[in-house]
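Heads up: the structure comes next, in structure tokens.
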Amino acid sequence: MYKLLLTTIITTSIFLTLRQTTVPNTLSPEDEVAEILLQLGEEPVAHYPDTTLKGVSVEAGRGIMLTGFAPAPGGGTTNKQSKHYVCTACHNIEREDPDLSVSDPQARLEYAKRNGLPFLQGTALYGAVNRTSFYNGDYEQKYGDLVKPARNDLREAIQLCATECSQGRALEPWEMESVLAYLWTIGLKARDLILSDQDKTVIDQALAGDGDPSAALKLIKSKYLEGSPATFVAPPEDRKAGYPVDTVDIGNGQLVYELSCLHCHENERYSFFRLDDSKLTFQHLAKHFPKYTEYSVYQVGRYGTSPVPGSKPYMPNYTLEKLSHQQMEDLRAYIEFRAGKER
Amino acid sequence: MRNMLFFLLIILLADFTSASAQEVITQTFKDSRLVNIQSVETLSKRRLDVRIGHRFGDLLGDNGGWSTFYGLEQATDVMIGAEYGATDQLTVGFFRTKGAGALPDGQAGLRQVLNGTVKYALLQQGKEGGAPVSLTFWGVASASTAERIPDNPDIIRNFSTFAHRMAYHGQLMIASRLSDRIALQLTPGYTHRNVVAFQDENGLFSLGLGTRLQISRVFGLIADVTFPFSDYRTTENGFYPALGIGLEIDSGGHLFQLNFTNATGIMETDFIPYTTSNWLDGEFRFGFTISRLFNL
């Protein structure tokens with residue numbers, strides 16, 4: 001235990017030194033949130049990478065996350081982490097919420113459109129190192145006891161994602177540390193937080209040693225979510241009628257189709273089930289929408305799909321925080337409109 | 001003159017290639033094969049397509065009907081193998097076929113055949129503007145592993161040298177998706193067999209035509225016909241164009257194809273030179289192909 005503590009302290013010190021940390025005494029937009037918290041007296045988190053391991057690098061981590069491959073320490077390239085997915089199949093590596101303190105799927109969809117991002121089931125990996133809990137809420141329903149070690153441990157959460165969500169191989173220790181090293185390059189910055197002038201003053205004063213560090217800490221943490229909430233919901237009870245909504249927005253549904261459905265299904269990017277812009281495709285989806293088949297968007301959107309013998313990859317479900325009932329109905333309206341079907 | 005034509009072709013391809021860097025049609029056909037002929041489709045990089053093809057016996061005619069339960073009790077040709085997407089443009093494959101073709105006098109072509117295939121997408125049709133067609137090359141080298149028949153030097157399977165076991169075929173596929181529902185393909189090809197019967201010819205040009213009509217997202221009708229150009233291959237001599245029609249069922253990842261064709265052999269080195277069955281005599285057979293995609 002003592003040795004573990006010592007190792008953690010040493011690796012954290014090395015990592016912070018390597019990153020040439022500058023201790024801020026006034027807040028600037030490029031300051032990293034994690035460093036500001038440390039300066040204000042926060043305990044270091046456990047997921048700083050161990051850069052003493054052979055082969056660990058930001059580039060290797062980036063390669064694993066974006067392509068599944070990395071340069072192996074002994075030369076050559078690693079085996080692909082997953083045959084089916086890469087991290088960016090389900091997670092953005094850019095900021096995806098206009099206000100990081102709330103999880104609002106409609107605000108996220110509009111932000112995704114403005115910034116040319118896909119609209120995905122997984123939470124953005126941007127800022128993952130600033131979170132303290134993972135696989136939150138109802139994910140226990142899906143993965144059972146597997147989420148327990150992952151809840152408060154980013155390494156375990158990444159490993160669970162590698163082996164279960166992406167149905168790939170577990171990461172080697174140096175790969176895991178490389179992934180963490182990369183994630184630290186996309187941690188939250190001060191500019192990502194919505195801070196009023198008064199907020200900035202409170203933080204500046206605390207950094208300068210004149211204010212209340214604990215109040216500043218609390219203030220900063222209130223500006224982003226330390227864990228991504230996850231509420232599992234079922235398809236509508238009456239699938240023909242759909243979710244009860246006042247009105248539908250076909251344009252909004254088109255955004256969901258293009259930024260979400262097509263992200264994986266266009267040209268069979270991550271799925272063998274191809275979606276495109278043809279009327280036949282929309283007719284197929286519209287016909288199955290109220291049914292109980294794997295072609296029903298209600299079904300796969302809310303429950304996901306399951307691995308079957310011979311085909312391990314599965315589609316993850318959309319939690320309520322990732323796709324609202326309204327957005328689902330907007331999507332249905334768009335699909336039915338393109339199918340030439342009136343409800 | 002020839003150099004000038006070649007130069008023009010290069011310019012044309014370069015022009016289309018730069019245009020195709022925009023949006024291209026990525027799926028002209030659903031599968032890498034129609035009924036008998038190959039389609040322009042190549043596999044995505046790191047995709048494996050495991051394929052099983054089967055041709056039963058004659059449905060009707062002298063060898064069909066009730067006595068063979070309309071051909072279902074016979075296996076005329078069976079293909080098993082796989083293709084792999086080395087890159088998005090290059091697909092390589094290896095298949096084993098039983099081999100089924102025969103000359104009208106009954107002399108068998110190659111049997112127990114190993115087939116190595118290579119397919120390269122040269123050009124993709126543009127969605128709006130760009131190339132009007134997709135262009136893909138496909139080639140196969142077939143080697144018979146059948147036991148030689150040394151006593152009869154007049155037959156193909158005498159195999160006096162190893163080279164006699166080989167046959168080759170190369171073709172260019174020119175295809176266009178005319179709409180969401182209709183796609184057409186033209187397939188000029190050349191087949192070379194190292195050894196043939198006395199009256200036959202080693203080299204053989206052919207032209208294939210194929211089409212797909214998409215009925216719904218899941219179901220599609222496909223058809224193709226291949227005409228060999230040869231003075232010897234006439235209906236009077238007992239040869240017929242290989243004509244197939246089929247139904248494609250796409251379940252996403254799996255593709256099932258049910259078909260009827262008068263061709264007995266499945267591979268091009270087999271059905272192009274050796275189709276001697278006539279639809280009008282009931283000499284067509286039921287067949288199916290199962291394709292399963294895997295990520296590697």
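Each chain of the structure tokens is named A, B, ... in the order shown, its residues numbered from 1; ligands are numbered from 1 in display order.
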Interface, chain A side, toward chain B (6 Å; only C-alpha atoms) as a tab-separated table (two decimals) with all heavy atoms, in the first residue's frame:
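Below you can see result-v5.tsv, which holds the result:
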chain	number	residue	atom	x	y	z
A	83	LYS	N	-11.93	-5.00	-33.61
A	83	LYS	CA	-12.21	-5.19	-35.04
A	83	LYS	C	-13.41	-4.37	-35.48
A	83	LYS	O	-13.63	-4.17	-36.66
A	83	LYS	CB	-12.53	-6.66	-35.30
A	83	LYS	CG	-11.41	-7.61	-35.05
A	83	LYS	CD	-11.94	-9.02	-35.15
A	83	LYS	CE	-10.88	-10.04	-34.76
A	83	LYS	NZ	-11.44	-11.39	-34.70
A	272	PHE	N	-22.87	-3.27	-40.37
A	272	PHE	CA	-23.18	-3.87	-41.67
A	272	PHE	C	-24.56	-3.44	-42.17
A	272	PHE	O	-24.93	-3.73	-43.29
A	272	PHE	CB	-23.12	-5.39	-41.59
A	272	PHE	CG	-21.72	-5.92	-41.41
A	272	PHE	CD1	-21.43	-6.83	-40.41
A	272	PHE	CD2	-20.70	-5.50	-42.24
A	272	PHE	CE1	-20.15	-7.32	-40.24
A	272	PHE	CE2	-19.41	-5.97	-42.08
A	272	PHE	CZ	-19.13	-6.89	-41.08
A	273	PHE	N	-25.35	-2.84	-41.27
A	273	PHE	CA	-26.68	-2.38	-41.68
A	273	PHE	C	-26.52	-0.98	-42.26
A	273	PHE	O	-26.34	-0.01	-41.54
A	273	PHE	CB	-27.63	-2.38	-40.48
A	273	PHE	CG	-29.03	-1.98	-40.84
A	273	PHE	CD1	-29.82	-2.81	-41.62
A	273	PHE	CD2	-29.56	-0.77	-40.42
A	273	PHE	CE1	-31.12	-2.44	-41.97
A	273	PHE	CE2	-30.84	-0.40	-40.76
A	273	PHE	CZ	-31.62	-1.23	-41.54
A	280	LEU	N	-36.12	4.10	-50.46
A	280	LEU	CA	-36.30	2.71	-50.02
A	280	LEU	C	-35.87	2.53	-48.57
A	280	LEU	O	-36.50	1.83	-47.80
A	280	LEU	CB	-35.46	1.78	-50.91
A	280	LEU	CG	-35.98	1.55	-52.32
A	280	LEU	CD1	-34.94	0.81	-53.15
A	280	LEU	CD2	-37.28	0.77	-52.29
A	281	THR	N	-34.77	3.18	-48.23
A	281	THR	CA	-34.27	3.08	-46.85
A	281	THR	C	-35.26	3.71	-45.87
A	281	THR	O	-35.58	3.13	-44.83
A	281	THR	CB	-32.89	3.77	-46.74
A	281	THR	OG1	-31.98	3.04	-47.55
A	281	THR	CG2	-32.40	3.80	-45.31
A	284	HIS	N	-38.28	1.57	-45.43
A	284	HIS	CA	-37.99	0.42	-44.57
A	284	HIS	C	-38.01	0.83	-43.09
A	284	HIS	O	-38.63	0.16	-42.26
A	284	HIS	CB	-36.61	-0.12	-44.95
A	284	HIS	CG	-36.18	-1.33	-44.19
A	284	HIS	ND1	-36.70	-2.57	-44.40
A	284	HIS	CD2	-35.26	-1.47	-43.20
A	284	HIS	CE1	-36.13	-3.43	-43.59
A	284	HIS	NE2	-35.26	-2.79	-42.84
Surrounding residues of segment 286-294 of chain A excluding itself and chain neighbours under 6 positions, 12 Å, only C-alpha atoms, as a count of residues only
40
If you run DSSP on the backbone here, which positions in segment 10-222 of chain B get alpha helix (DSSP H)? Please write them as a count of residues only.
11
Compile the contact shell of Ile194 of chain A as number ranges by chain: residues with an atom at most 9 Å away, counting only C-alpha atoms, same-chain residues fewer than 4 positions apart removed.
A: 98-101, 190, 223-224
I'd like the neighbourhood of Gly287 of chain B as a PyMOL selection string, where a residue qualifies if any of its atoms comes within 7 Å (using only C-alpha atoms), though same-chain residues fewer than 3 positions away should be ignored.
chain B and resi 54-56+258-260
With N, CA and C atoms kept, could you save the residues just selected as a PDB file, in the first residue's frame?
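Written file, part-v4.pdb:
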ATOM      1  N   HIS B  54     -23.972 -22.624 -54.272  1.00  0.00           N
ATOM      2  CA  HIS B  54     -24.411 -23.985 -54.576  1.00  0.00           C
ATOM      3  C   HIS B  54     -25.292 -23.967 -55.821  1.00  0.00           C
ATOM      4  N   ARG B  55     -25.066 -24.908 -56.704  1.00  0.00           N
ATOM      5  CA  ARG B  55     -25.958 -25.098 -57.858  1.00  0.00           C
ATOM      6  C   ARG B  55     -26.471 -26.531 -57.816  1.00  0.00           C
ATOM      7  N   PHE B  56     -27.783 -26.656 -57.775  1.00  0.00           N
ATOM      8  CA  PHE B  56     -28.369 -27.998 -57.774  1.00  0.00           C
ATOM      9  C   PHE B  56     -28.416 -28.535 -59.200  1.00  0.00           C
ATOM     10  N   LEU B 258     -31.039 -16.344 -53.903  1.00  0.00           N
ATOM     11  CA  LEU B 258     -31.671 -17.525 -54.486  1.00  0.00           C
ATOM     12  C   LEU B 258     -31.712 -17.297 -55.989  1.00  0.00           C
ATOM     13  N   ASN B 259     -31.293 -18.289 -56.758  1.00  0.00           N
ATOM     14  CA  ASN B 259     -31.219 -18.027 -58.192  1.00  0.00           C
ATOM     15  C   ASN B 259     -31.584 -19.240 -59.040  1.00  0.00           C
ATOM     16  N   PHE B 260     -31.812 -18.958 -60.295  1.00  0.00           N
ATOM     17  CA  PHE B 260     -32.000 -19.990 -61.309  1.00  0.00           C
ATOM     18  C   PHE B 260     -31.071 -19.650 -62.467  1.00  0.00           C
TER      19      PHE B 260
END
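A straight line drawn from atom CA of His164 of chain B to atom CA of Glu268 of chain B is 17.1 Å long.
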Show which residues sit within 9 Å of segment 93-95 of chain A, as a list in words. Count only C-alpha atoms, and ignore same-chain residues fewer than 2 positions away.
Cys87, Thr88, His91, Asp97, Pro98, Leu100, Leu117, Ala124, Leu125, Tyr126, Gly127, Leu183, Ile186, Leu188 and Asp192 of chain A
Skip Thr28 of chain B itself and residues of its chain fewer than 2 positions away, then list as a PDB file with N, CA and C atoms, in the first residue's frame all residues within 10 Å of it, counting only C-alpha atoms.
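So result08.pdb came out as:
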ATOM      1  N   ILE B  25     -20.788   7.152 -55.555  1.00  0.00           N
ATOM      2  CA  ILE B  25     -21.757   6.104 -55.227  1.00  0.00           C
ATOM      3  C   ILE B  25     -20.970   4.907 -54.718  1.00  0.00           C
ATOM      4  N   THR B  26     -21.240   4.525 -53.497  1.00  0.00           N
ATOM      5  CA  THR B  26     -20.428   3.476 -52.877  1.00  0.00           C
ATOM      6  C   THR B  26     -21.059   2.096 -52.982  1.00  0.00           C
ATOM      7  N   LYS B  30     -25.517  -4.710 -54.410  1.00  0.00           N
ATOM      8  CA  LYS B  30     -25.421  -5.038 -52.979  1.00  0.00           C
ATOM      9  C   LYS B  30     -24.323  -6.038 -52.703  1.00  0.00           C
ATOM     10  N   ASP B  31     -23.959  -6.816 -53.713  1.00  0.00           N
ATOM     11  CA  ASP B  31     -23.059  -7.928 -53.479  1.00  0.00           C
ATOM     12  C   ASP B  31     -21.923  -7.877 -54.497  1.00  0.00           C
ATOM     13  N   SER B  32     -20.891  -8.660 -54.222  1.00  0.00           N
ATOM     14  CA  SER B  32     -19.757  -8.700 -55.144  1.00  0.00           C
ATOM     15  C   SER B  32     -20.057  -9.558 -56.371  1.00  0.00           C
ATOM     16  N   SER B  39     -19.722  -8.458 -59.790  1.00  0.00           N
ATOM     17  CA  SER B  39     -20.166  -7.069 -59.891  1.00  0.00           C
ATOM     18  C   SER B  39     -18.979  -6.142 -59.597  1.00  0.00           C
ATOM     19  N   VAL B  40     -19.175  -4.862 -59.770  1.00  0.00           N
ATOM     20  CA  VAL B  40     -18.082  -3.895 -59.547  1.00  0.00           C
ATOM     21  C   VAL B  40     -17.727  -3.725 -58.069  1.00  0.00           C
ATOM     22  N   GLU B  41     -18.519  -4.306 -57.188  1.00  0.00           N
ATOM     23  CA  GLU B  41     -18.324  -4.046 -55.757  1.00  0.00           C
ATOM     24  C   GLU B  41     -17.045  -4.679 -55.209  1.00  0.00           C
ATOM     25  N   GLN B 124     -14.930   5.115 -59.334  1.00  0.00           N
ATOM     26  CA  GLN B 124     -16.268   5.044 -58.754  1.00  0.00           C
ATOM     27  C   GLN B 124     -17.165   6.105 -59.355  1.00  0.00           C
ATOM     28  N   GLN B 125     -18.373   5.720 -59.596  1.00  0.00           N
ATOM     29  CA  GLN B 125     -19.345   6.647 -60.185  1.00  0.00           C
ATOM     30  C   GLN B 125     -19.599   7.812 -59.230  1.00  0.00           C
ATOM     31  N   VAL B 133     -19.755   6.270 -64.581  1.00  0.00           N
ATOM     32  CA  VAL B 133     -19.782   4.821 -64.327  1.00  0.00           C
ATOM     33  C   VAL B 133     -18.737   4.457 -63.278  1.00  0.00           C
ATOM     34  N   SER B 134     -18.912   3.269 -62.728  1.00  0.00           N
ATOM     35  CA  SER B 134     -17.861   2.675 -61.902  1.00  0.00           C
ATOM     36  C   SER B 134     -17.128   1.660 -62.762  1.00  0.00           C
ATOM     37  N   ALA B 175     -20.080  -0.268 -64.686  1.00  0.00           N
ATOM     38  CA  ALA B 175     -21.430  -0.300 -64.111  1.00  0.00           C
ATOM     39  C   ALA B 175     -21.917   1.100 -63.788  1.00  0.00           C
ATOM     40  N   SER B 176     -23.211   1.224 -63.782  1.00  0.00           N
ATOM     41  CA  SER B 176     -23.804   2.507 -63.434  1.00  0.00           C
ATOM     42  C   SER B 176     -25.070   2.277 -62.620  1.00  0.00           C
ATOM     43  N   ARG B 177     -25.193   3.019 -61.528  1.00  0.00           N
ATOM     44  CA  ARG B 177     -26.465   2.990 -60.792  1.00  0.00           C
ATOM     45  C   ARG B 177     -27.313   4.115 -61.357  1.00  0.00           C
ATOM     46  N   LEU B 178     -28.356   3.715 -62.039  1.00  0.00           N
ATOM     47  CA  LEU B 178     -29.181   4.699 -62.733  1.00  0.00           C
ATOM     48  C   LEU B 178     -30.119   5.422 -61.778  1.00  0.00           C
ATOM     49  N   SER B 179     -30.540   4.706 -60.739  1.00  0.00           N
ATOM     50  CA  SER B 179     -31.413   5.309 -59.726  1.00  0.00           C
ATOM     51  C   SER B 179     -31.242   4.490 -58.447  1.00  0.00           C
ATOM     52  N   ASP B 180     -32.011   4.835 -57.423  1.00  0.00           N
ATOM     53  CA  ASP B 180     -31.941   4.038 -56.184  1.00  0.00           C
ATOM     54  C   ASP B 180     -32.345   2.593 -56.430  1.00  0.00           C
ATOM     55  N   ARG B 181     -33.094   2.379 -57.497  1.00  0.00           N
ATOM     56  CA  ARG B 181     -33.631   1.041 -57.726  1.00  0.00           C
ATOM     57  C   ARG B 181     -32.915   0.257 -58.812  1.00  0.00           C
ATOM     58  N   ILE B 182     -32.322   0.928 -59.775  1.00  0.00           N
ATOM     59  CA  ILE B 182     -31.827   0.207 -60.950  1.00  0.00           C
ATOM     60  C   ILE B 182     -30.323   0.414 -61.140  1.00  0.00           C
ATOM     61  N   ALA B 183     -29.636  -0.690 -61.384  1.00  0.00           N
ATOM     62  CA  ALA B 183     -28.216  -0.633 -61.712  1.00  0.00           C
ATOM     63  C   ALA B 183     -27.954  -1.544 -62.912  1.00  0.00           C
ATOM     64  N   LEU B 184     -27.022  -1.126 -63.752  1.00  0.00           N
ATOM     65  CA  LEU B 184     -26.678  -1.902 -64.945  1.00  0.00           C
ATOM     66  C   LEU B 184     -25.170  -2.124 -64.988  1.00  0.00           C
ATOM     67  N   GLN B 185     -24.783  -3.226 -65.603  1.00  0.00           N
ATOM     68  CA  GLN B 185     -23.351  -3.497 -65.730  1.00  0.00           C
ATOM     69  C   GLN B 185     -23.038  -4.174 -67.059  1.00  0.00           C
ATOM     70  N   ARG B 212     -29.631  -5.060 -61.675  1.00  0.00           N
ATOM     71  CA  ARG B 212     -30.316  -5.293 -60.393  1.00  0.00           C
ATOM     72  C   ARG B 212     -31.472  -4.322 -60.290  1.00  0.00           C
TER      73      ARG B 212
END
Residues near Ala242 of chain B, cut-off 9 Å, only C-alpha atoms, skip fewer than 2 positions along chain, as a count of residues only:
17
Quick one: pick out all strand (DSSP E) residues within segment 158-286 of chain B from a backbone DSSP run and write them as number ranges by chain.
B: 166-177, 182-193, 203-214, 219-229, 242-250, 254-261, 285-286
